[in-house]
Structures are given as structure tokens and as C-alpha cells.
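Text of input28.txt, listed as compact mmCIF, C-alpha atoms:
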```txt
# COMPACT_ATOMS: atom_id res chain seq x y z
CA MET A 1 -13.75 -5.06 3.19
CA PRO A 2 -14.89 -5.85 6.74
CA SER A 3 -16.92 -3.18 8.49
CA ALA A 4 -15.14 -0.71 10.72
CA SER A 5 -14.56 -1.83 14.28
CA PRO A 6 -12.10 -1.10 17.09
CA ALA A 7 -8.61 -2.55 16.81
CA VAL A 8 -8.73 -6.30 17.37
CA GLU A 9 -6.66 -7.43 20.35
CA ASP A 10 -7.26 -11.18 20.31
CA PRO A 11 -4.43 -12.74 18.22
CA ALA A 12 -6.70 -15.30 16.56
CA GLU A 13 -9.24 -12.65 15.58
CA ALA A 14 -6.46 -10.36 14.36
CA LEU A 15 -5.07 -13.08 12.10
CA ALA A 16 -8.53 -13.87 10.78
CA LEU A 17 -9.14 -10.19 10.01
CA GLU A 18 -5.77 -9.91 8.29
CA ALA A 19 -6.53 -12.97 6.17
CA GLU A 20 -9.94 -11.57 5.23
CA ILE A 21 -8.51 -8.23 4.18
CA ARG A 22 -5.70 -9.90 2.24
CA SER A 23 -8.12 -12.21 0.44
CA THR A 24 -10.56 -9.41 -0.39
CA LEU A 25 -7.86 -7.09 -1.69
CA ARG A 26 -6.13 -9.80 -3.70
CA ALA A 27 -9.38 -10.80 -5.40
CA PHE A 28 -10.20 -7.15 -6.12
CA LEU A 29 -6.78 -6.44 -7.61
CA ALA A 30 -6.82 -9.64 -9.65
CA ASP A 31 -10.05 -8.38 -11.20
CA VAL A 32 -9.34 -4.67 -11.75
CA ALA A 33 -5.55 -4.34 -11.59
CA PRO A 34 -3.69 -7.46 -12.77
CA LEU A 35 -0.23 -7.14 -14.27
CA ALA A 36 -1.91 -6.66 -17.66
CA VAL A 37 -3.24 -3.31 -16.41
CA THR A 38 0.28 -2.29 -15.44
CA ARG A 39 1.50 -3.23 -18.91
CA ARG A 40 -1.21 -1.15 -20.58
CA TYR A 41 -0.23 1.79 -18.41
CA LEU A 42 3.39 1.48 -19.57
CA ASP A 43 2.28 1.24 -23.18
CA GLY A 44 0.23 4.41 -22.83
CA THR A 45 -3.08 2.64 -23.51
CA GLY A 46 -4.29 2.19 -19.94
CA ASP A 47 -6.65 4.25 -17.82
CA ASP A 48 -5.53 7.09 -15.58
CA PRO A 49 -4.06 5.44 -12.44
CA SER A 50 -5.64 8.15 -10.30
CA VAL A 51 -9.09 6.96 -11.37
CA LEU A 52 -8.23 3.40 -10.33
CA TRP A 53 -6.84 4.63 -7.01
CA ARG A 54 -10.01 6.57 -6.22
CA ARG A 55 -12.05 3.49 -7.03
CA MET A 56 -9.90 1.37 -4.71
CA VAL A 57 -10.25 3.90 -1.91
CA GLY A 58 -13.96 4.36 -2.46
CA GLU A 59 -14.90 0.67 -2.70
CA LEU A 60 -12.42 -0.79 -0.22
CA GLY A 61 -11.74 2.07 2.18
CA LEU A 62 -8.01 1.36 2.04
CA VAL A 63 -6.74 4.66 3.36
CA GLY A 64 -8.71 4.77 6.59
CA LEU A 65 -8.20 1.16 7.68
CA ALA A 66 -5.37 1.74 10.14
CA VAL A 67 -6.12 5.38 10.98
CA PRO A 68 -7.38 5.83 14.57
CA THR A 69 -11.09 6.51 14.90
CA VAL A 70 -10.41 9.80 16.69
CA LEU A 71 -8.71 10.97 13.49
CA GLY A 72 -11.56 9.87 11.25
CA GLY A 73 -10.38 6.37 10.33
CA ASP A 74 -11.62 2.84 10.97
CA GLY A 75 -9.26 2.27 13.89
CA LEU A 76 -8.18 -1.24 12.88
CA ALA A 77 -4.73 -2.63 13.63
CA PRO A 78 -1.94 -0.40 12.25
CA GLY A 79 -0.21 -3.47 10.85
CA LEU A 80 -2.99 -3.87 8.29
CA ALA A 81 -1.38 -1.10 6.24
CA GLY A 82 1.50 -3.51 5.71
CA VAL A 83 -0.91 -6.14 4.41
CA VAL A 84 -2.36 -3.61 1.97
CA PHE A 85 1.08 -2.75 0.62
CA GLU A 86 2.09 -6.39 0.27
CA GLU A 87 -0.94 -6.97 -1.93
CA LEU A 88 -0.41 -3.76 -3.94
CA GLY A 89 3.17 -4.84 -4.48
CA ARG A 90 2.21 -8.18 -5.99
CA ASN A 91 0.95 -6.63 -9.23
CA LEU A 92 3.10 -3.48 -9.13
CA VAL A 93 -0.16 -1.54 -9.34
CA PRO A 94 0.77 1.87 -10.84
CA VAL A 95 -1.59 3.88 -8.63
CA PRO A 96 -0.40 6.81 -6.48
CA SER A 97 -0.63 4.68 -3.35
CA PHE A 98 2.75 5.26 -1.80
CA GLY A 99 2.65 9.04 -1.74
CA THR A 100 -0.84 8.99 -0.23
CA LEU A 101 -1.01 5.93 2.00
CA GLY A 102 2.70 5.40 2.57
CA LEU A 103 3.72 8.99 3.33
CA ALA A 104 0.91 11.54 3.63
CA VAL A 105 -1.37 9.48 5.89
CA PRO A 106 1.42 8.51 8.34
CA LEU A 107 2.58 12.13 8.47
CA LEU A 108 -0.86 13.60 9.17
CA THR A 109 -1.62 10.84 11.66
CA ALA A 110 1.65 11.44 13.50
CA LEU A 111 1.03 15.19 13.62
CA GLY A 112 -2.48 14.71 15.01
CA THR A 113 -3.27 18.44 15.09
CA ASP A 114 -6.72 19.75 14.27
CA ASP A 115 -5.36 21.11 10.99
CA ALA A 116 -3.76 17.76 10.17
CA VAL A 117 -7.03 15.92 10.90
CA ALA A 118 -8.91 18.34 8.65
CA ALA A 119 -6.37 17.72 5.87
CA LEU A 120 -6.61 13.96 6.43
CA ALA A 121 -10.37 13.73 5.85
CA PRO A 122 -10.36 14.21 2.03
CA VAL A 123 -7.40 11.85 1.74
CA ILE A 124 -9.29 9.11 3.58
CA SER A 125 -12.38 9.62 1.42
CA GLY A 126 -10.34 9.46 -1.78
CA SER A 127 -11.33 12.93 -2.95
CA SER A 128 -7.72 14.07 -2.53
CA ILE A 129 -4.49 12.41 -3.65
CA ALA A 130 -1.45 13.59 -1.75
CA THR A 131 2.25 13.08 -1.18
CA VAL A 132 5.03 14.45 1.00
CA GLY A 133 8.13 16.34 -0.08
CA TRP A 134 11.26 16.85 2.00
CA VAL A 135 14.27 15.59 0.00
CA GLY A 136 16.58 18.25 -1.39
CA PRO A 137 18.77 18.14 -4.53
CA ALA A 138 21.59 16.62 -2.45
CA GLY A 139 19.43 13.51 -2.00
CA ASP A 140 19.55 13.37 1.81
CA TRP A 141 16.56 11.32 2.97
CA ASP A 142 16.75 12.55 6.56
CA PRO A 143 13.76 14.94 6.79
CA ARG A 144 15.69 17.10 9.23
CA SER A 145 17.96 18.04 6.31
CA THR A 146 15.14 19.53 4.24
CA PRO A 147 16.27 22.53 2.12
CA VAL A 148 12.83 24.21 2.23
CA ARG A 149 12.17 27.42 4.14
CA ILE A 150 8.71 28.17 5.51
CA ASP A 151 7.64 31.56 6.85
CA ILE A 152 4.59 31.11 9.06
CA GLU A 153 2.02 33.81 9.70
CA GLY A 154 -0.84 32.47 11.78
CA SER A 155 -2.50 29.54 9.99
CA THR A 156 -0.79 30.20 6.65
CA ALA A 157 2.78 30.06 5.42
CA THR A 158 4.96 31.05 2.49
CA VAL A 159 7.13 28.26 1.14
CA ASN A 160 10.39 28.55 -0.79
CA GLY A 161 12.82 25.88 -1.92
CA ARG A 162 13.44 23.04 -4.31
CA LEU A 163 12.57 19.42 -3.66
CA HIS A 164 13.92 16.29 -5.29
CA HIS A 165 12.34 12.86 -5.77
CA VAL A 166 8.81 13.66 -4.66
CA ILE A 167 7.11 10.27 -5.01
CA ASP A 168 3.99 10.34 -7.20
CA GLY A 169 4.93 13.98 -7.84
CA ASP A 170 2.72 15.48 -10.53
CA ARG A 171 -0.04 12.89 -10.04
CA VAL A 172 -1.29 14.49 -6.82
CA ASP A 173 -3.52 17.44 -6.02
CA ARG A 174 -2.03 18.12 -2.58
CA LEU A 175 1.60 18.32 -1.46
CA PHE A 176 2.64 18.33 2.19
CA VAL A 177 5.97 20.13 2.36
CA VAL A 178 8.40 19.64 5.23
CA GLY A 179 10.50 22.74 5.86
CA ARG A 180 12.19 24.89 8.48
CA ASP A 181 11.00 28.21 9.80
CA PRO A 182 13.45 31.06 10.53
CA SER A 183 14.05 29.70 14.03
CA GLY A 184 15.11 26.35 12.60
CA ALA A 185 12.05 24.44 13.81
CA LEU A 186 10.66 21.79 11.48
CA GLY A 187 7.11 22.41 10.25
CA VAL A 188 4.67 21.03 7.69
CA VAL A 189 2.69 23.06 5.19
CA SER A 190 -0.15 21.86 2.95
CA VAL A 191 0.14 23.21 -0.60
CA ALA A 192 -2.26 22.78 -3.51
CA ALA A 193 -0.62 21.21 -6.55
CA ASP A 194 -1.89 24.05 -8.73
CA ALA A 195 -0.75 26.82 -6.36
CA VAL A 196 0.85 29.90 -7.86
CA GLY A 197 4.63 29.59 -7.73
CA LEU A 198 4.68 25.79 -7.58
CA ARG A 199 6.23 24.02 -10.54
CA PHE A 200 6.62 20.27 -10.98
CA LEU A 201 9.78 19.12 -12.72
CA PRO A 202 9.01 15.70 -14.26
CA ALA A 203 11.98 13.39 -14.55
CA ASP A 204 12.75 10.09 -16.23
CA HIS A 205 12.55 7.31 -13.69
CA LEU A 206 13.85 3.76 -13.67
CA ASP A 207 10.45 2.49 -12.56
CA PRO A 208 7.73 4.19 -14.65
CA THR A 209 5.03 2.55 -12.50
CA ARG A 210 6.16 4.76 -9.61
CA PRO A 211 7.08 8.15 -11.03
CA ALA A 212 8.77 10.85 -9.02
CA ALA A 213 9.29 14.50 -9.77
CA GLY A 214 11.19 17.52 -8.61
CA VAL A 215 9.22 20.45 -7.19
CA GLU A 216 10.21 24.10 -7.31
CA LEU A 217 8.47 26.38 -4.81
CA THR A 218 8.72 30.14 -5.15
CA ASP A 219 6.72 32.20 -2.64
CA VAL A 220 4.02 29.51 -2.58
CA GLU A 221 1.15 30.11 -0.18
CA GLY A 222 -0.04 27.17 1.90
CA GLU A 223 -1.85 26.14 5.06
CA VAL A 224 0.06 25.16 8.18
CA VAL A 225 -0.72 21.63 9.40
CA GLY A 226 2.23 21.32 11.74
CA ALA A 227 4.09 24.15 13.46
CA GLY A 228 6.66 24.41 16.22
CA ASP A 229 9.06 21.49 16.28
CA CYS A 230 7.46 18.63 14.32
CA SER A 231 10.68 16.61 14.04
CA ASP A 232 9.40 13.58 15.95
CA ALA A 233 6.21 13.35 13.88
CA VAL A 234 8.04 13.78 10.58
CA VAL A 235 10.72 11.22 11.41
CA ARG A 236 8.04 8.76 12.55
CA ALA A 237 6.19 9.24 9.27
CA VAL A 238 9.36 8.56 7.25
CA LEU A 239 10.08 5.43 9.31
CA THR A 240 6.51 4.26 8.69
CA GLY A 241 6.98 4.83 4.97
CA ALA A 242 10.21 2.81 4.98
CA ALA A 243 8.49 -0.06 6.81
CA LEU A 244 5.56 -0.04 4.37
CA LEU A 245 7.94 -0.01 1.40
CA ALA A 246 9.62 -3.10 2.85
CA ALA A 247 6.18 -4.76 3.03
CA GLU A 248 5.44 -3.80 -0.57
CA SER A 249 8.81 -5.21 -1.65
CA ALA A 250 8.02 -8.47 0.14
CA GLY A 251 4.70 -8.76 -1.71
CA ALA A 252 6.29 -8.05 -5.07
CA ALA A 253 9.14 -10.48 -4.43
CA ARG A 254 6.70 -13.22 -3.43
CA HIS A 255 4.75 -12.83 -6.67
CA ALA A 256 8.00 -12.81 -8.65
CA LEU A 257 8.91 -16.10 -6.97
CA GLU A 258 5.49 -17.60 -7.70
CA LEU A 259 5.70 -16.66 -11.38
CA THR A 260 9.20 -18.11 -11.57
CA VAL A 261 8.17 -21.41 -9.97
CA GLU A 262 5.25 -21.68 -12.38
CA TYR A 263 7.60 -21.16 -15.30
CA VAL A 264 10.26 -23.69 -14.28
CA LYS A 265 7.51 -26.30 -13.91
CA VAL A 266 6.46 -25.99 -17.56
CA ARG A 267 9.73 -25.03 -19.29
CA HIS A 268 11.30 -28.27 -20.56
CA GLN A 269 14.92 -28.95 -21.40
CA PHE A 270 16.48 -32.34 -22.13
CA GLY A 271 13.02 -33.85 -21.99
CA ARG A 272 12.12 -32.74 -18.46
CA PRO A 273 10.97 -29.60 -16.61
CA ILE A 274 13.92 -27.41 -15.69
CA GLY A 275 12.40 -27.14 -12.22
CA SER A 276 13.39 -30.76 -11.64
CA PHE A 277 17.09 -29.88 -11.91
CA GLN A 278 18.75 -29.59 -8.52
CA ALA A 279 20.53 -26.33 -9.34
CA VAL A 280 17.23 -24.68 -10.26
CA LYS A 281 15.57 -26.05 -7.12
CA HIS A 282 18.31 -24.56 -4.98
CA ARG A 283 17.97 -21.15 -6.62
CA CYS A 284 14.21 -21.15 -6.08
CA ALA A 285 14.76 -22.22 -2.46
CA ASP A 286 17.17 -19.30 -1.98
CA MET A 287 14.51 -16.96 -3.37
CA LEU A 288 11.89 -18.37 -1.00
CA ALA A 289 14.17 -18.01 2.03
CA ARG A 290 14.67 -14.34 1.25
CA VAL A 291 10.98 -13.72 0.60
CA GLU A 292 9.92 -15.26 3.90
CA LEU A 293 12.49 -13.28 5.86
CA MET A 294 11.56 -10.08 4.01
CA SER A 295 7.92 -10.56 4.89
CA ALA A 296 8.64 -11.32 8.56
CA LEU A 297 10.98 -8.35 8.99
CA ALA A 298 8.57 -5.99 7.23
CA ALA A 299 5.64 -7.08 9.40
CA GLU A 300 7.77 -6.62 12.52
CA ALA A 301 8.85 -3.16 11.34
CA VAL A 302 5.30 -1.99 10.61
CA ASP A 303 4.09 -3.19 14.01
CA ALA A 304 7.11 -1.75 15.81
CA VAL A 305 6.86 1.75 14.39
CA SER A 306 3.11 1.88 15.04
CA GLU A 307 3.65 0.85 18.67
CA SER A 308 6.97 2.45 19.56
CA GLY A 309 7.32 5.31 17.10
CA ASN A 310 10.87 6.57 16.66
CA ASP A 311 12.17 3.99 19.16
CA ALA A 312 11.62 1.43 16.38
CA ARG A 313 14.21 3.10 14.15
CA GLU A 314 16.68 0.20 14.24
CA THR A 315 13.97 -2.37 13.50
CA VAL A 316 12.76 -0.37 10.52
CA LEU A 317 16.26 0.25 9.17
CA ALA A 318 17.06 -3.46 9.41
CA ALA A 319 13.87 -4.41 7.53
CA ALA A 320 14.45 -1.75 4.88
CA ALA A 321 18.07 -2.73 4.34
CA TYR A 322 17.26 -6.43 4.02
CA ALA A 323 14.31 -5.76 1.69
CA ALA A 324 16.46 -3.58 -0.56
CA ASP A 325 18.99 -6.37 -1.11
CA ALA A 326 16.59 -9.32 -1.06
CA PHE A 327 14.06 -7.91 -3.53
CA THR A 328 16.83 -7.10 -6.01
CA PHE A 329 18.17 -10.64 -5.60
CA VAL A 330 14.76 -12.23 -6.20
CA ALA A 331 14.03 -10.02 -9.21
CA SER A 332 17.45 -10.81 -10.70
CA GLU A 333 16.94 -14.53 -10.20
CA MET A 334 13.51 -14.24 -11.82
CA ILE A 335 15.13 -12.91 -14.97
CA GLN A 336 17.89 -15.52 -14.96
CA LEU A 337 15.59 -18.50 -14.38
CA HIS A 338 13.29 -17.38 -17.19
CA GLY A 339 16.21 -17.55 -19.58
CA GLY A 340 16.16 -15.50 -22.79
CA ILE A 341 12.51 -14.49 -22.53
CA GLY A 342 13.17 -12.96 -19.10
CA PHE A 343 15.33 -10.27 -20.73
CA THR A 344 12.63 -9.07 -23.12
CA TRP A 345 10.34 -6.05 -22.81
CA GLU A 346 7.34 -8.28 -23.52
CA HIS A 347 7.88 -10.32 -20.36
CA ASP A 348 6.97 -8.94 -16.93
CA ALA A 349 10.26 -9.87 -15.26
CA HIS A 350 11.86 -6.50 -15.94
CA LEU A 351 8.95 -4.74 -14.22
CA PHE A 352 9.83 -6.46 -10.95
CA PHE A 353 13.50 -5.69 -11.46
CA ARG A 354 12.77 -2.01 -12.11
CA ARG A 355 10.63 -1.75 -8.98
CA ALA A 356 13.32 -3.54 -6.97
CA LYS A 357 16.09 -1.19 -8.12
CA SER A 358 13.88 1.84 -7.56
CA SER A 359 12.84 0.74 -4.07
CA GLU A 360 16.43 -0.19 -3.27
CA VAL A 361 17.40 3.48 -2.93
CA THR A 362 14.09 5.14 -2.02
CA PHE A 363 15.07 5.67 1.61
CA GLY A 364 18.79 5.25 1.11
CA ALA A 365 20.89 2.35 -0.15
CA ALA A 366 21.13 -0.79 1.97
CA ALA A 367 24.74 -0.03 2.89
CA GLU A 368 23.71 3.42 4.13
CA LEU A 369 20.90 1.93 6.21
CA ARG A 370 23.23 -0.61 7.80
CA SER A 371 25.75 2.16 8.51
CA ALA A 372 22.98 4.10 10.25
CA ILE A 373 22.28 1.09 12.47
CA ALA A 374 25.98 0.81 13.30
CA LEU A 375 26.17 4.50 14.21
CA GLN A 376 23.07 4.20 16.36
CA ARG A 377 24.74 1.38 18.27
CA GLY A 378 27.94 3.37 18.65
CA TRP A 379 29.97 1.11 16.39
CA ARG A 380 32.77 2.57 14.32
CA ALA A 381 33.85 1.46 10.86
```
Will you turn the file into C-alpha cells for me?
Amino acid sequence: MPSASPAVEDPAEALALEAEIRSTLRAFLADVAPLAVTRRYLDGTGDDPSVLWRRMVGELGLVGLAVPTVLGGDGLAPGLAGVVFEELGRNLVPVPSFGTLGLAVPLLTALGTDDAVAALAPVISGSSIATVGWVGPAGDWDPRSTPVRIDIEGSTATVNGRLHHVIDGDRVDRLFVVGRDPSGALGVVSVAADAVGLRFLPADHLDPTRPAAGVELTDVEGEVVGAGDCSDAVVRAVLTGAALLAAESAGAARHALELTVEYVKVRHQFGRPIGSFQAVKHRCADMLARVELMSALAAEAVDAVSESGNDARETVLAAAAYAADAFTFVASEMIQLHGGIGFTWEHDAHLFFRRAKSSEVTFGAAAELRSAIALQRGWRA
């Protein structure tokens, strides 16, 4: 990776830096984390994904790229996190990247308190793997609806409640819990994964490359990293996560398209490649159109939330809603255009479909996201 330097303002230099980071990360992942590694993980014969993640963080410095220098990061353009997720999405790398880089880092960065900065340091170095929990059993993704209660006493807090769908769940060593204090103010507490009273509730998941778990917290002691009313910081972190997930979906969809195009070039029927048939060409073109728009909307969303914070809500919701539908479309077409082999466990097509369906509802279904945009604009159904 390029050496740390202040955020690049010149557009040409910014594009060159983005291309360098993309190229470096793609080459690295092609070497250490191709799709074959993902398959071995699913078969139970692969290495611990946490080991691979720590190697990626240690050798490439992924986590600190877009973190401001005053918070201990490299201070490069915030949009570079989107580039990282696009590349991670290409091979559906089963590392605990989203909980750490997609949720925990944006949350701690948005909080910006001394305690948050102290908690961020081991995450940036790779010595700690973290995630954020705020979703209750009802499945409401709005962090302001968290069912967790936190009782703060100075710099520590006692946490009680039950969380649902904690991404990367039992693969982390640190959980940042969003909860409400007795006054109703939203706060954030850092809890060790092995804390007394904390119990992970593993669950079957459609996408085994991105596991999630429930978490039960009974009188769990933790350290306060955000007190008072942290609503703005928490909402901004969730919006950042949604934008980064859209970027990851765009990267995965692009690779699914590339694999499909390669296949239709070599699969022959009636004495010619099926890719030469007009109907197949049109379907591939439809996939490409969606991939390009996904990528553009995701990049806009990542930039918007980093620059405008919660004012970028509509931009992020639009990108997330489109990515949810478009990635599922591309993954479905990948299966169909591969024919019979695309439906088998041995082929990688179902891995993209599983990730698409999982990502489709991670921050709410596309219809819910579009409804949220309509409500924000004052439209009525």
C-alpha cells in the first residue's frame, strides 16, 4: 500500500491513488484469498478467517487508510474505504471485515471521544477484531430503537439486553454495544467478547461467509466510549456501513458478471459460443448496466456520508436500495446463464447469490429503504 500522507485534494492524484490501492489490494487478494479460499472455508478445511484478516490489516494497513490522522489513522480520502470493500466483495472474502471496518471503525471515528480513539487504536493495528450491536429481536435497523439498557457510572457501565443479527458475532474479541441510559440518551459501551454475563447465540445464516449471531447481555460490565446523546454519531456510523455494503455489493456483482461473460464465451451450443446469441448478449448487457450504476451510486454514497454526515441519508438510502435489488438480479442471472452447472454446490454462482440475498436485507429491504426516502421527502403512499 502507498505510504501514509494527507488526504489528496487534486482529482488526478486522487484517482491515481485509488487505482494504486485497488491494484495492490486486488493482487494481494488474488494471491492469498481467491474464491478457492472461500470454498475451503465453507468446506471446513480452510484457515481461520481471523488470521487472514489480521494479516491483511498488518501487511496492507486497511483499517487506518481513511481514518483521520488526529484519530491515529493515515488520513487518506474517506472514499478509499469504498474501494477496499469493492475489492473484498469480488472474492466474497470470509474475513470479519464488515463488523470491524464497516461498522466499528465508522462508529468510533464518528464518536471521536478520547475513549473512542483509545478503543480505535488496537482495531487499526489489527490486534483487535470488533463489531457493533444495536438491532433487537424485532429486527429494527434504526439504532435509535435499540432494546439495550446501559447504566453508566463514571467511565464504566452495566449493560443488559438482547441483540439480534450482530454481524461477525462470535468471531470478534470486542463488541461495541449501542444502548440507552435511564434518561433515554443513546450511548456506546465497549464490551469484551469474553466478559462475564455475555453469551453469543450462534445462528444458521443464509450466507456462511458472513455469519451473524445473537448476543445476550446480563449485567455485563463495559467501558463507556460514548455518553450523553450519541444519536448523530451512531446514525452516521450506520449510514456509513450501508454505503460501504453497497460498495461491496458492487464489487461482488462486477466479479459475478466477469465470470459469467467468461463462461458464455467458452460454452458452446449449436456449434457456437452461447455468448454470440443476441438474447444472451442482452442479458449480459443488462447485468453490466446495473453493475455500473451500483458502483457509481455506492461511490457517491460513501463520499456523501463522509462529507455531509447524516445529511447524506437520502443518498445512502438510494444507493443501498438499488444495490440490494441490482446485486440480487446479477447473481440470479449468473446462475441462469451458467445453465445446469450454475445450480450446483460445486460451482461458485450460489456463493454470490447467497451474499446478495444476505446483503439485500442487512440494513432493511429495498422496499423499506425506498419508503424511508419517500417519508423523508414528505410523500405519502
For the atom pair CA of Thr156 (chain A) and CA of Ala192 (chain A), what is the interatomic distance in Å to one decimal place?
12.7 Å
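Between His255 (chain A) and the candidates A:Val63, A:Pro147, A:Ser125, A:Met287, the tightest atom-to-atom separation, counting all atoms listed in the file, involves A:Met287.
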Hey, could you make a per-residue contact list for region 170-283 of chain A against region 104-115 of chain A with 9 Å as the cut-off, showing the nearest pair of atoms and its distance in Å to one decimal, counting all atoms listed in the file, sorted by chain and number, as a tab-separated table?
```
residue	atom	partner	partner_atom	distance
A:Leu175	CA	A:Ala104	CA	8.5
A:Phe176	CA	A:Ala104	CA	7.2
A:Glu223	CA	A:Asp115	CA	8.5
A:Val224	CA	A:Asp115	CA	7.3
A:Val225	CA	A:Asp115	CA	4.9
A:Gly226	CA	A:Leu111	CA	6.5
A:Cys230	CA	A:Leu111	CA	7.3
A:Asp232	CA	A:Ala110	CA	8.4
A:Ala233	CA	A:Ala110	CA	5.0
A:Val234	CA	A:Leu107	CA	6.1
A:Val235	CA	A:Leu107	CA	8.7
A:Arg236	CA	A:Ala110	CA	7.0
A:Ala237	CA	A:Leu107	CA	4.7
A:Val238	CA	A:Leu107	CA	7.8
A:Thr240	CA	A:Pro106	CA	6.6
A:Gly241	CA	A:Pro106	CA	7.5
```
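With all atoms listed in the file as the atoms that count, the residue of A:Ala118, A:Leu25, A:Gly179, A:Val280 with the shortest distance to Glu59 (chain A) is A:Leu25.
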Correct to one decimal, the distance CA of Ala356 (chain A)-CA of Ala279 (chain A) is 24.0 Å
Near region 161-166 of chain A, within 10 Å and counting all atoms listed in the file, which residues show up once chain neighbours fewer than 5 positions away are dropped, as a PyMOL selection string?
chain A and resi 99+131-141+146-150+175+177-179+198-203+205+211-220+362
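What separates CA of Leu257 (chain A) from CA of Glu333 (chain A) is a distance of 8.8 Å.
By all atoms listed in the file, and with residues fewer than 2 positions from Ala81 (chain A) along its chain excluded, the set lying at most 8 Å from it is Leu65, Ala66, Pro78, Gly79, Val83, Val84, Phe85 and Leu244 of chain A.
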Show me, as a list in words, the residues that have an atom within 8 Å of Leu35 (chain A) when counting all atoms listed in the file, minus same-chain residues fewer than 4 positions from it.
Arg39, Asn91, Leu92, Val93 and Asp348 of chain A
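Among A:Val330, A:Ala250, A:Leu293, A:Ala14, the residue with the shortest atom-to-atom distance to His350 (chain A), counting only C-alpha atoms, is A:Val330.
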Provide an axis-aligned box for all listed atoms of region 90-102 of chain A, padding each side by 8 Å; report its centre and its edge lengths in Å to one decimal, as JSON.
```
{"center_x": 0.8, "center_y": 0.4, "center_z": -4.1, "size_x": 20.7, "size_y": 33.2, "size_z": 29.4}
```
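If you measure from each of A:Met294, A:Ala285, A:Ile129, A:Leu245 to Pro49 (chain A) using all atoms listed in the file, the closest one turns out to be A:Ile129.
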